[in-house]
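Okay, target-v6.cif now, which holds mmCIF, N, CA and C atoms:
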```cif
data_start
#
loop_
_atom_site.group_PDB
_atom_site.id
_atom_site.type_symbol
_atom_site.label_atom_id
_atom_site.label_comp_id
_atom_site.auth_asym_id
_atom_site.auth_seq_id
_atom_site.Cartn_x
_atom_site.Cartn_y
_atom_site.Cartn_z
ATOM 1 N N MET J 288 -7.017 0.132 -12.346
ATOM 2 C CA MET J 288 -7.599 0.730 -11.176
ATOM 3 C C MET J 288 -7.484 -0.246 -10.004
ATOM 4 N N ILE J 289 -7.036 0.264 -8.873
ATOM 5 C CA ILE J 289 -6.909 -0.538 -7.661
ATOM 6 C C ILE J 289 -8.305 -0.822 -7.113
ATOM 7 N N GLN J 290 -8.530 -2.074 -6.719
ATOM 8 C CA GLN J 290 -9.813 -2.464 -6.153
ATOM 9 C C GLN J 290 -9.601 -3.161 -4.815
ATOM 10 N N HIS J 291 -10.585 -3.046 -3.949
ATOM 11 C CA HIS J 291 -10.597 -3.720 -2.639
ATOM 12 C C HIS J 291 -9.340 -3.416 -1.821
ATOM 13 N N PHE J 292 -8.976 -2.148 -1.779
ATOM 14 C CA PHE J 292 -7.805 -1.713 -1.025
ATOM 15 C C PHE J 292 -8.058 -1.854 0.470
ATOM 16 N N GLN J 293 -7.096 -2.442 1.179
ATOM 17 C CA GLN J 293 -7.151 -2.577 2.633
ATOM 18 C C GLN J 293 -5.771 -2.275 3.199
ATOM 19 N N PHE J 294 -5.754 -1.718 4.403
ATOM 20 C CA PHE J 294 -4.482 -1.513 5.089
ATOM 21 C C PHE J 294 -4.716 -1.670 6.579
ATOM 22 N N LYS J 295 -3.630 -1.962 7.301
ATOM 23 C CA LYS J 295 -3.703 -2.003 8.763
ATOM 24 C C LYS J 295 -2.330 -1.679 9.322
ATOM 25 N N ASN J 296 -2.331 -1.215 10.564
ATOM 26 C CA ASN J 296 -1.070 -0.889 11.236
ATOM 27 C C ASN J 296 -0.259 -2.156 11.450
ATOM 28 N N MET J 297 1.042 -2.025 11.326
ATOM 29 C CA MET J 297 1.930 -3.157 11.557
ATOM 30 C C MET J 297 2.113 -3.418 13.056
ATOM 31 N N TYR J 298 1.892 -2.384 13.856
ATOM 32 C CA TYR J 298 2.178 -2.479 15.287
ATOM 33 C C TYR J 298 0.907 -2.220 16.091
ATOM 34 N N GLU J 299 0.800 -2.849 17.238
ATOM 35 C CA GLU J 299 -0.355 -2.616 18.104
ATOM 36 C C GLU J 299 -0.380 -1.177 18.598
ATOM 37 N N ASN J 300 0.792 -0.622 18.858
ATOM 38 C CA ASN J 300 0.893 0.783 19.227
ATOM 39 C C ASN J 300 0.705 1.598 17.946
ATOM 40 N N LYS J 301 -0.467 2.127 17.745
ATOM 41 C CA LYS J 301 -0.805 2.800 16.488
ATOM 42 C C LYS J 301 -0.040 4.106 16.298
ATOM 43 N N GLN J 302 0.735 4.511 17.305
ATOM 44 C CA GLN J 302 1.568 5.701 17.178
ATOM 45 C C GLN J 302 2.791 5.428 16.292
ATOM 46 N N LEU J 303 3.198 4.164 16.207
ATOM 47 C CA LEU J 303 4.354 3.801 15.404
ATOM 48 C C LEU J 303 3.942 3.683 13.933
ATOM 49 N N PRO J 304 4.684 4.302 13.045
ATOM 50 C CA PRO J 304 4.317 4.236 11.629
ATOM 51 C C PRO J 304 4.746 2.917 10.989
ATOM 52 N N GLY J 305 3.991 2.502 10.014
ATOM 53 C CA GLY J 305 4.247 1.275 9.272
ATOM 54 C C GLY J 305 2.938 0.542 9.071
ATOM 55 N N TRP J 306 2.635 0.172 7.836
ATOM 56 C CA TRP J 306 1.346 -0.427 7.516
ATOM 57 C C TRP J 306 1.532 -1.568 6.525
ATOM 58 N N THR J 307 0.674 -2.542 6.630
ATOM 59 C CA THR J 307 0.590 -3.573 5.601
ATOM 60 C C THR J 307 -0.632 -3.242 4.752
ATOM 61 N N PHE J 308 -0.583 -3.626 3.495
ATOM 62 C CA PHE J 308 -1.690 -3.315 2.603
ATOM 63 C C PHE J 308 -1.928 -4.486 1.659
ATOM 64 N N SER J 309 -3.109 -4.485 1.070
ATOM 65 C CA SER J 309 -3.423 -5.434 0.007
ATOM 66 C C SER J 309 -4.446 -4.793 -0.914
ATOM 67 N N PHE J 310 -4.423 -5.205 -2.155
ATOM 68 C CA PHE J 310 -5.399 -4.736 -3.127
ATOM 69 C C PHE J 310 -5.358 -5.662 -4.333
ATOM 70 N N TYR J 311 -6.375 -5.534 -5.167
ATOM 71 C CA TYR J 311 -6.444 -6.289 -6.417
ATOM 72 C C TYR J 311 -6.257 -5.322 -7.580
ATOM 73 N N PHE J 312 -5.540 -5.781 -8.573
ATOM 74 C CA PHE J 312 -5.354 -5.018 -9.800
ATOM 75 C C PHE J 312 -5.322 -6.018 -10.949
ATOM 76 N N SER J 313 -6.205 -5.848 -11.903
ATOM 77 C CA SER J 313 -6.305 -6.741 -13.063
ATOM 78 C C SER J 313 -6.419 -8.209 -12.654
ATOM 79 N N GLY J 314 -7.194 -8.470 -11.606
ATOM 80 C CA GLY J 314 -7.445 -9.836 -11.176
ATOM 81 C C GLY J 314 -6.350 -10.477 -10.345
ATOM 82 N N THR J 315 -5.297 -9.735 -10.024
ATOM 83 C CA THR J 315 -4.192 -10.262 -9.224
ATOM 84 C C THR J 315 -4.164 -9.548 -7.884
ATOM 85 N N LYS J 316 -3.968 -10.314 -6.807
ATOM 86 C CA LYS J 316 -3.860 -9.722 -5.472
ATOM 87 C C LYS J 316 -2.413 -9.344 -5.208
ATOM 88 N N TYR J 317 -2.217 -8.097 -4.764
ATOM 89 C CA TYR J 317 -0.898 -7.596 -4.405
ATOM 90 C C TYR J 317 -0.885 -7.259 -2.922
ATOM 91 N N THR J 318 0.207 -7.574 -2.262
ATOM 92 C CA THR J 318 0.365 -7.277 -0.844
ATOM 93 C C THR J 318 1.729 -6.642 -0.628
ATOM 94 N N GLY J 319 1.837 -5.897 0.463
ATOM 95 C CA GLY J 319 3.123 -5.282 0.739
ATOM 96 C C GLY J 319 3.133 -4.520 2.043
ATOM 97 N N THR J 320 4.229 -3.839 2.248
ATOM 98 C CA THR J 320 4.445 -3.015 3.430
ATOM 99 C C THR J 320 4.677 -1.585 2.973
ATOM 100 N N TYR J 321 3.983 -0.664 3.623
ATOM 101 C CA TYR J 321 4.165 0.763 3.355
ATOM 102 C C TYR J 321 4.915 1.333 4.547
ATOM 103 N N HIS J 322 6.150 1.764 4.321
ATOM 104 C CA HIS J 322 7.007 2.259 5.395
ATOM 105 C C HIS J 322 6.772 3.743 5.643
ATOM 106 N N LYS J 323 7.211 4.216 6.809
ATOM 107 C CA LYS J 323 6.957 5.611 7.201
ATOM 108 C C LYS J 323 7.587 6.618 6.245
ATOM 109 N N ASP J 324 8.628 6.233 5.534
ATOM 110 C CA ASP J 324 9.272 7.141 4.586
ATOM 111 C C ASP J 324 8.642 7.066 3.193
ATOM 112 N N GLY J 325 7.541 6.306 3.056
ATOM 113 C CA GLY J 325 6.854 6.190 1.774
ATOM 114 C C GLY J 325 7.376 5.073 0.899
ATOM 115 N N ARG J 326 8.366 4.356 1.389
ATOM 116 C CA ARG J 326 8.918 3.240 0.622
ATOM 117 C C ARG J 326 7.922 2.092 0.616
ATOM 118 N N ILE J 327 7.774 1.456 -0.526
ATOM 119 C CA ILE J 327 6.855 0.335 -0.673
ATOM 120 C C ILE J 327 7.666 -0.929 -0.894
ATOM 121 N N GLU J 328 7.366 -1.926 -0.079
ATOM 122 C CA GLU J 328 8.039 -3.222 -0.181
ATOM 123 C C GLU J 328 6.970 -4.258 -0.513
ATOM 124 N N TRP J 329 7.069 -4.862 -1.688
ATOM 125 C CA TRP J 329 6.087 -5.861 -2.103
ATOM 126 C C TRP J 329 6.375 -7.174 -1.387
ATOM 127 N N THR J 330 5.360 -7.779 -0.782
ATOM 128 C CA THR J 330 5.549 -9.057 -0.104
ATOM 129 C C THR J 330 4.921 -10.204 -0.888
ATOM 130 N N GLY J 331 4.106 -9.893 -1.840
ATOM 131 C CA GLY J 331 3.514 -10.892 -2.729
ATOM 132 C C GLY J 331 4.153 -10.731 -4.100
ATOM 133 N N PRO J 332 3.403 -11.028 -5.133
ATOM 134 C CA PRO J 332 3.969 -10.844 -6.478
ATOM 135 C C PRO J 332 4.213 -9.361 -6.768
ATOM 136 N N ASN J 333 5.283 -9.093 -7.474
ATOM 137 C CA ASN J 333 5.559 -7.729 -7.909
ATOM 138 C C ASN J 333 4.659 -7.395 -9.086
ATOM 139 N N PRO J 334 4.180 -6.148 -9.150
ATOM 140 C CA PRO J 334 3.374 -5.764 -10.307
ATOM 141 C C PRO J 334 4.231 -5.741 -11.569
ATOM 142 N N PRO J 335 3.598 -5.803 -12.735
ATOM 143 C CA PRO J 335 4.371 -5.707 -13.983
ATOM 144 C C PRO J 335 5.162 -4.402 -14.012
ATOM 145 N N ALA J 336 6.344 -4.450 -14.561
ATOM 146 C CA ALA J 336 7.239 -3.288 -14.572
ATOM 147 C C ALA J 336 6.586 -2.058 -15.195
ATOM 148 N N ASP J 337 5.785 -2.264 -16.228
ATOM 149 C CA ASP J 337 5.166 -1.113 -16.897
ATOM 150 C C ASP J 337 4.000 -0.523 -16.105
ATOM 151 N N LYS J 338 3.538 -1.184 -15.056
ATOM 152 C CA LYS J 338 2.426 -0.699 -14.229
ATOM 153 C C LYS J 338 2.853 -0.314 -12.817
ATOM 154 N N GLU J 339 4.068 -0.652 -12.436
ATOM 155 C CA GLU J 339 4.499 -0.466 -11.046
ATOM 156 C C GLU J 339 4.473 0.992 -10.602
ATOM 157 N N GLU J 340 4.984 1.901 -11.401
ATOM 158 C CA GLU J 340 5.011 3.311 -11.001
ATOM 159 C C GLU J 340 3.603 3.871 -10.849
ATOM 160 N N MET J 341 2.705 3.513 -11.739
ATOM 161 C CA MET J 341 1.327 3.970 -11.664
ATOM 162 C C MET J 341 0.662 3.436 -10.392
ATOM 163 N N LEU J 342 0.899 2.176 -10.060
ATOM 164 C CA LEU J 342 0.334 1.592 -8.845
ATOM 165 C C LEU J 342 0.920 2.230 -7.591
ATOM 166 N N LYS J 343 2.208 2.506 -7.592
ATOM 167 C CA LYS J 343 2.831 3.163 -6.442
ATOM 168 C C LYS J 343 2.224 4.545 -6.219
ATOM 169 N N LYS J 344 1.993 5.283 -7.306
ATOM 170 C CA LYS J 344 1.402 6.605 -7.196
ATOM 171 C C LYS J 344 -0.002 6.510 -6.601
ATOM 172 N N GLN J 345 -0.807 5.569 -7.087
ATOM 173 C CA GLN J 345 -2.153 5.396 -6.555
ATOM 174 C C GLN J 345 -2.110 4.962 -5.091
ATOM 175 N N LEU J 346 -1.162 4.107 -4.759
ATOM 176 C CA LEU J 346 -1.022 3.646 -3.378
ATOM 177 C C LEU J 346 -0.640 4.796 -2.453
ATOM 178 N N HIS J 347 0.281 5.654 -2.891
ATOM 179 C CA HIS J 347 0.662 6.826 -2.094
ATOM 180 C C HIS J 347 -0.560 7.717 -1.849
ATOM 181 N N GLU J 348 -1.359 7.945 -2.886
ATOM 182 C CA GLU J 348 -2.541 8.784 -2.743
ATOM 183 C C GLU J 348 -3.542 8.173 -1.763
ATOM 184 N N LEU J 349 -3.752 6.866 -1.848
ATOM 185 C CA LEU J 349 -4.670 6.205 -0.923
ATOM 186 C C LEU J 349 -4.170 6.293 0.517
ATOM 187 N N MET J 350 -2.887 6.094 0.718
ATOM 188 C CA MET J 350 -2.335 6.153 2.071
ATOM 189 C C MET J 350 -2.422 7.580 2.615
ATOM 190 N N LEU J 351 -2.154 8.574 1.792
ATOM 191 C CA LEU J 351 -2.279 9.959 2.248
ATOM 192 C C LEU J 351 -3.711 10.251 2.671
ATOM 193 N N PHE J 352 -4.662 9.772 1.910
ATOM 194 C CA PHE J 352 -6.071 10.019 2.222
ATOM 195 C C PHE J 352 -6.493 9.294 3.487
ATOM 196 N N HIS J 353 -6.130 8.028 3.641
ATOM 197 C CA HIS J 353 -6.614 7.230 4.759
ATOM 198 C C HIS J 353 -5.799 7.389 6.044
ATOM 199 N N VAL J 354 -4.508 7.551 5.926
ATOM 200 C CA VAL J 354 -3.656 7.567 7.116
ATOM 201 C C VAL J 354 -3.338 8.985 7.581
ATOM 202 N N TYR J 355 -3.017 9.860 6.658
ATOM 203 C CA TYR J 355 -2.548 11.197 7.012
ATOM 204 C C TYR J 355 -3.615 12.266 6.821
ATOM 205 N N GLU J 356 -4.906 11.895 6.862
ATOM 206 C CA GLU J 356 -5.977 12.853 6.607
ATOM 207 C C GLU J 356 -6.007 13.978 7.584
#
```
Taking this structure as input, can you express it in the form of structure tokens?
Amino acid sequence: MIQHFQFKNMYENKQLPGWTFSFYFSGTKYTGTYHKDGRIEWTGPNPPADKEEMLKKQLHELMLFHVYE
């Protein structure tokens, strides 16, 4: 389960899409960039291969709820 999820706009002009995010999962902090096309670019450690798809799905859901509400 993702904990302490945070995101912010990459640009001062909030009309431009692109966000940075961070969250904790299993005691590890993950950071990355969420692009306007839904692509996720990890800027910190990559999640374990067997958990990456599940985390991406949860991240997409969180971004849809918070950004595109």
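Backbone DSSP over chain J gives helix (DSSP H, G or I) for Ala336, Asp337, Lys338, Glu339, Glu340, Met341, Leu342, Lys343, Lys344, Gln345, Leu346, His347, Glu348, Leu349, Met350, Leu351, Phe352 and His353 of chain J.
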- request: Enter the distance from atom C of J:Ser309 to atom N of J:Phe292, in Å, rounded to one decimal.
  value: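 These two atoms are separated by 5.3 Å.
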task: Skip J:Lys323 itself and residues of its chain fewer than 3 positions away, then list as a PyMOL selection string all residues within 7 Å of it, counting all atoms listed in the file.
output: chain J and resi 304-306+326
- prompt: Which value, in Å to one decimal, gives the distance between atom CA of J:Gln293 and atom CA of J:Phe310?
  reply: 6.4 Å
statement: atom N of J:Phe308 sits from atom C of J:Asn296 at a separation of 8.1 Å
message: Neighbouring residues of J:Leu346 were defined as those with any atom within 9 Å, considering only C-alpha atoms; residues of the same chain fewer than 6 positions away were excluded. Please report them as an MDAnalysis selection string.
response: chainID J and resid 289 292 321 327
query: Which residues in chain J does DSSP call strand (DSSP E or B)? List them as a list in words.
result: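 Filtering chain J down to strand (DSSP E or B) leaves Gln290, His291, Phe292, Gln293, Phe294, Lys295, Asn296, Trp306, Thr307, Phe308, Ser309, Phe310, Tyr311, Phe312, Thr315, Lys316, Tyr317, Thr318, Gly319, Thr320, Tyr321, Ile327, Glu328 and Trp329 of chain J.
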Find the residues of stretch 303-326 of chain J that sit at most 12 Å from stretch 337-341 of chain J; for each, write down the nearest two atoms and how far apart they are in Å, to one decimal. Count only C-alpha atoms. Sort by chain, then by number going up, and give it as a Markdown table.
```
| residue | atom | partner | partner_atom | distance |
| --- | --- | --- | --- | --- |
| J:Phe312 | CA | J:Lys338 | CA | 9.9 |
| J:Ser313 | CA | J:Lys338 | CA | 10.7 |
| J:Tyr317 | CA | J:Glu339 | CA | 11.1 |
```
Requested write-out: N, CA and C atoms of the selected residues, as an mmCIF file, in the frame of the given file:
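Result saved to again_29.cif:
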```cif
data_model
loop_
_atom_site.group_PDB
_atom_site.id
_atom_site.type_symbol
_atom_site.label_atom_id
_atom_site.label_comp_id
_atom_site.auth_asym_id
_atom_site.auth_seq_id
_atom_site.Cartn_x
_atom_site.Cartn_y
_atom_site.Cartn_z
ATOM 1 N N PHE J 312 -5.540 -5.781 -8.573
ATOM 2 C CA PHE J 312 -5.354 -5.018 -9.800
ATOM 3 C C PHE J 312 -5.322 -6.018 -10.949
ATOM 4 N N SER J 313 -6.205 -5.848 -11.903
ATOM 5 C CA SER J 313 -6.305 -6.741 -13.063
ATOM 6 C C SER J 313 -6.419 -8.209 -12.654
ATOM 7 N N TYR J 317 -2.217 -8.097 -4.764
ATOM 8 C CA TYR J 317 -0.898 -7.596 -4.405
ATOM 9 C C TYR J 317 -0.885 -7.259 -2.922
#
```
message: Can you tell me which residues surround J:Thr318 at a distance of at most 8 Å, considering only N, CA and C atoms, apart from same-chain residues fewer than 4 positions away, and format the answer as a PyMOL selection string?
response: chain J and resi 307-311+328-333
